[in-house]
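Down below is the structure, laid out as structure tokens.
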Amino acid sequence: MLTVLAPEMGGCRVLGRVWGGWRRGPGVRAAPTASSFGTEARHQQQRRGSSKRSGPLDDQPFSGLLRPENLSREELVDVLRAAVVDQKGPLVTLNKPQGLPVTGKPGELTLLSVLPELSQSLGLRDRELQVVRASGKETSGLVLLSSCPQTASRLQKFFTHSQRARRPTVTYCAVTDGIPATSEGTIQAALKLEHIDGVNLVVPVKSPSRKDILEGVKRTLSYFRVVATGSGCALVQLQPLTAFPSQLQAHMALQLCPLLGDHTHSARVATVLGQRFLLPAESTRPQRQVLDEALLSRLHLTPSQAAQLPLHLHLHCLYLPGTRPRDPPIKLLAPLPSYFSRTLHCLGLHYQ
């Protein structure tokens with residue numbers, strides 16, 4: 001059982017009520033939504049209380065995307081503060097917009113780089129936030145932060161132990177181009193990172209040897225479940241049981257159903273006479289995802305707009321340990337981004 005710690009007088013003390021304060025399941029309140037991250041960040045605070053949303057067939061289909069290069073540090077802090085889902089004790093949960101990197105090179109604007117300012121903005125004074133759980137730049141969704149190092153350490157151990165026991169602690173929502181052959185199942189693949197033409201690519205490895213494993217090849221595992229289908233696409237829940245860069249994108253490409261907006265792995269899936277097949281990953285260079293005319297029509301997108309389609313992969317649910325040993329896990333939820341909801345509307349996919 002995880003002992004929960006909360007800050008007190010600059011240190012940490014045991015406080016089970018921190019977990020009890022988190023709302024469960026559908027009761028988790030939604031984060032305030034910025035209508036257009038990056039392009040309208042200067043109007044962020046004026047818009048926070050507004051309920052105005054862009055329509056499902058807006059002329060700007062990808063509203064809500066973050067453009068860090070267009071923001072100042074102060075504007076990014078405003079965006080992140082508006083993205084807070086909940087704050088209890090030492091823990092802060094954000095609904096991270098797609099396009100925001102967690103880490104980066106010195107001088108780059110990232111989540112990590114503005115944590116000192118965000119901590120101050122949230123009234124944490126000298127207790128600086130640190131990242132406990134987060135997804136990558138191209139993925140939207142939940143980020144778990146803690147202002148207490150002991151709490152962060154214990155939660156990270158909880159996630160590590162859960163992974164070793166093959167217990168899922170996160171659930172992603174994704175939209176795929178194509179429908180998986182089965183409604184649910186597991187995906188197992190050995191993956192490696194390979195530097196090809198100046199780009200780091202995730203490449204599957206068939207029947208890895210012991211030497212391959214020692215040299216960095218990792219056996220990976222994910223669960224998937226199809227929630228809804230329509231227009232040749234699927235709304236899928238994904239639960240990674242191992243951790244590897246771009247694991248979920250690589251896994252769905254291996255199922256011949258690349259994620260919508262995956263401009264790296266989708267090129268590995270080719271179609272001839274209506275039949276899909278995999279191209280060799282080592283010789284297939286990343287390129288912008290190409291969607292057929294029927295799908296473009298359903299999405300109300302031009303080919304040039306489709307080339308800018310964001311990755312439809314959202315960390316929707318995060319499980320934390322219950323207050324007591326026998327308590328069920330606490331479920332935290334993050335609302336879908338506006339462009340993701342627009343896609344579901346266009347495709348007639350319904351998520352409950």
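The chains in the structure tokens are called A, B, ... from first to last as shown; in each chain the residues are counted from 1, and the ligands are counted from 1 in the order shown.
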
> Which residues in stretch 192-315 of chain A does DSSP call helix (DSSP H, G or I)? List them as a ChimeraX atom specification.
Replying inline: /A:210-214,247-254,266-268,281-283,293-299,303-306

As a VMD selection string, please: the residues near A:Pro240 (cut-off 10 Å, only C-alpha atoms, same-chain neighbours under 2 positions excluded). chain A and resid 163 166 to 172 186 to 187 220 to 224 238 242 to 244 247 to 248 251

Any chance you could tabulate, as JSON lines, the residues of stretch 166-230 of chain A at most 12 Å from stretch 271-294 of chain A with each one's nearest atom pair and distance in Å to one decimal, using only C-alpha atoms, in chain and rising number order?
```
{"residue": "A:Thr176", "atom": "CA", "partner": "A:Leu291", "partner_atom": "CA", "distance": 11.4}
{"residue": "A:Asp177", "atom": "CA", "partner": "A:Leu291", "partner_atom": "CA", "distance": 8.1}
{"residue": "A:Gly178", "atom": "CA", "partner": "A:Arg276", "partner_atom": "CA", "distance": 9.5}
{"residue": "A:Ile179", "atom": "CA", "partner": "A:Arg276", "partner_atom": "CA", "distance": 11.3}
{"residue": "A:Pro180", "atom": "CA", "partner": "A:Arg276", "partner_atom": "CA", "distance": 11.7}
{"residue": "A:Ala181", "atom": "CA", "partner": "A:Arg276", "partner_atom": "CA", "distance": 11.9}
{"residue": "A:Leu191", "atom": "CA", "partner": "A:Ala281", "partner_atom": "CA", "distance": 11.0}
{"residue": "A:Lys192", "atom": "CA", "partner": "A:Glu282", "partner_atom": "CA", "distance": 11.0}
{"residue": "A:Leu193", "atom": "CA", "partner": "A:Glu282", "partner_atom": "CA", "distance": 10.7}
{"residue": "A:Glu194", "atom": "CA", "partner": "A:Glu282", "partner_atom": "CA", "distance": 8.5}
{"residue": "A:His195", "atom": "CA", "partner": "A:Glu282", "partner_atom": "CA", "distance": 9.9}
{"residue": "A:Ile196", "atom": "CA", "partner": "A:Glu282", "partner_atom": "CA", "distance": 7.9}
{"residue": "A:Asp197", "atom": "CA", "partner": "A:Arg285", "partner_atom": "CA", "distance": 8.8}
{"residue": "A:Gly198", "atom": "CA", "partner": "A:Arg285", "partner_atom": "CA", "distance": 11.1}
{"residue": "A:Val199", "atom": "CA", "partner": "A:Pro286", "partner_atom": "CA", "distance": 9.1}
{"residue": "A:Asn200", "atom": "CA", "partner": "A:Pro286", "partner_atom": "CA", "distance": 10.5}
{"residue": "A:Leu201", "atom": "CA", "partner": "A:Glu282", "partner_atom": "CA", "distance": 8.5}
{"residue": "A:Val202", "atom": "CA", "partner": "A:Ala281", "partner_atom": "CA", "distance": 8.3}
{"residue": "A:Val203", "atom": "CA", "partner": "A:Ala281", "partner_atom": "CA", "distance": 5.9}
{"residue": "A:Pro204", "atom": "CA", "partner": "A:Ala281", "partner_atom": "CA", "distance": 7.3}
{"residue": "A:Val205", "atom": "CA", "partner": "A:Ala281", "partner_atom": "CA", "distance": 9.7}
{"residue": "A:Lys206", "atom": "CA", "partner": "A:Pro280", "partner_atom": "CA", "distance": 11.6}
```

ask   = Near stretch 295-299 of chain A, counting only C-alpha atoms, which residues have an atom at most 9 Å away, once you skip same-chain residues fewer than 6 positions from it, shown as an NGL selection string?
value = :A and (57 or 177 or 231-233 or 306 or 342-343 or 345-347)

Within 6 Å of stretch 147-159 of chain A using only C-alpha atoms, minus same-chain residues under 5 positions, as a list in words: Leu5, Pro90, Arg127, Glu128, Leu129 and Val132 of chain A

query = Can you list every residue in stretch 90-169 of chain A that DSSP puts in strand (DSSP E), as a PyMOL selection string?
reply = chain A and resi 91-96+130-133+140-146

Worksheet item: Counting only C-alpha atoms, which of A:Leu65, A:Ala253, A:Leu118, A:Ala134 gets nearest to A:Ala82?
Response: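 Of A:Leu65, A:Ala253, A:Leu118, A:Ala134, the one nearest A:Ala82, counting only C-alpha atoms, is A:Leu118.
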
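The gap separating atom CA of A:Arg324 from atom CA of A:Gln130 is 25.0 Å, in Å to one decimal.
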